[in-house]
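Structure, as structure tokens:
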Amino acid sequence: MGQVAPPKSDAIRRNARTGPRILPREGRVGSPPPWPLPDRATPREAALWKQLWATPHAAAWEHLGWTRVVGRYVRVLLGAEELNTACMAEARQLEDRLGLTPKAMRMLLWEIATDEVAEKRESTGARGRLKAVG
């Protein structure tokens with residue numbers, strides 16, 4: 001059986017009742033939640049935990065209560081970085097579940113908010129440079 005392609009964004013929007021979840025471009029604000037797993041986090045785990053909880057994706061994880069899954073991802077990712085092949089496969093799967101890849105974000109209906117002010121500034125700046133040249 002072949003892989004199923006993710007649905008197109010426009011089709012999702014037409015059929016979804018709630019629409020996409022817009023994630024904050026600046027990331028989740030505040031301290032990370034307490035480490036959820038039974039044993040204490042190592043210094044490397046604690047650093048990665050803090051880094052992950054500052055991403056835009058963390059706003060959705062917090063809303064969904066996915067702290068334990070993110071904790072397991074931290075452990076698995078560090079194992080994968082040490083070239084543990086079993087951890088590598090599991091890390092890829094967890095990245096998809098946690099919305100950390102573009103395809104996974106599309107499947108979960110997650111979008112990172114656009115920075116409309118910066119886009120406007122860039123387009124205005126480009127027009128200003130063209131006028132100065134012409």
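Naming works like this for the structure tokens: A, B, ... for the chains as they're shown, residue 1 at the start of each chain, ligands 1 onward in shown order.
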Tell me, as a short mmCIF file (atom, residue, chain, number, x, y, z; two decimals) with C-alpha atoms, in the first residue's frame, which residues lie within 7 Å of region 103-109 of chain A, counting only C-alpha atoms; anything in the same chain fewer than 4 positions away does not count.
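around19.cif was written with the following content:
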```
data_model
loop_
_atom_site.label_atom_id
_atom_site.label_comp_id
_atom_site.auth_asym_id
_atom_site.auth_seq_id
_atom_site.Cartn_x
_atom_site.Cartn_y
_atom_site.Cartn_z
CA PRO A 6 -1.03 15.18 2.76
CA PRO A 20 -5.49 26.05 10.94
CA ARG A 21 -3.79 26.63 14.29
CA ASP A 96 6.23 14.12 12.60
CA GLY A 99 4.77 18.90 13.96
#
```
Can you pull out the residues contacting Ala46 (chain A)? Cut-off 10 Å, using only C-alpha atoms, and skip same-chain residues under 3 positions away; I want them as a PyMOL selection string. chain A and resi 32+34-35+40-43+49-52+71+74
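Shortest separation to Ala59 (chain A) among A:Glu45, A:Ser123, A:Glu111, A:Gly19 occurs at residue A:Glu111, atoms counted being only C-alpha atoms.
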Neighbour list for Val76 (chain A) as a ChimeraX atom specification, cut-off 8 Å, only C-alpha atoms, skip fewer than 5 positions in-chain: /A:87-88,90-91
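Put simply, CA of Trp66 (chain A) is 12.1 Å away from CA of Leu37 (chain A).
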Could you tell me how far CA of Pro24 (chain A) sits from CA of Arg92 (chain A), in Å to one decimal place?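 Computing the Euclidean distance for CA of Arg92 (chain A) and CA of Pro24 (chain A) yields 23.7 Å.
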From the DSSP assignment of the backbone, select every residue of region 1-105 of chain A that is helix (DSSP H, G or I), and format the answer as a PyMOL selection string. chain A and resi 9-15+43-52+57-64+67-81+85-97+102-105
Name the residues in contact with Arg28 (chain A) at a cut-off of 6 Å, using only C-alpha atoms, excluding same-chain residues fewer than 6 positions from it; report them as number ranges by chain. A: 54-56, 58-59
A:Leu94, A:Leu23, A:Ala89, A:Val29 ranked by distance to Ala113 (chain A), top pick (using only C-alpha atoms):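 Nearest candidate to Ala113 (chain A) out of A:Leu94, A:Leu23, A:Ala89, A:Val29: A:Leu23.
When only C-alpha atoms are used to measure the gap to Leu77 (chain A), the shortest distance among A:Pro102, A:Leu48, A:Leu64, A:Pro33 belongs to A:Leu48.
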Give me, please, the distance in Å between CA of Arg75 (chain A) and CA of Thr101 (chain A), quoted to one decimal.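 If I compute the distance from CA of Arg75 (chain A) to CA of Thr101 (chain A), I get 18.4 Å.
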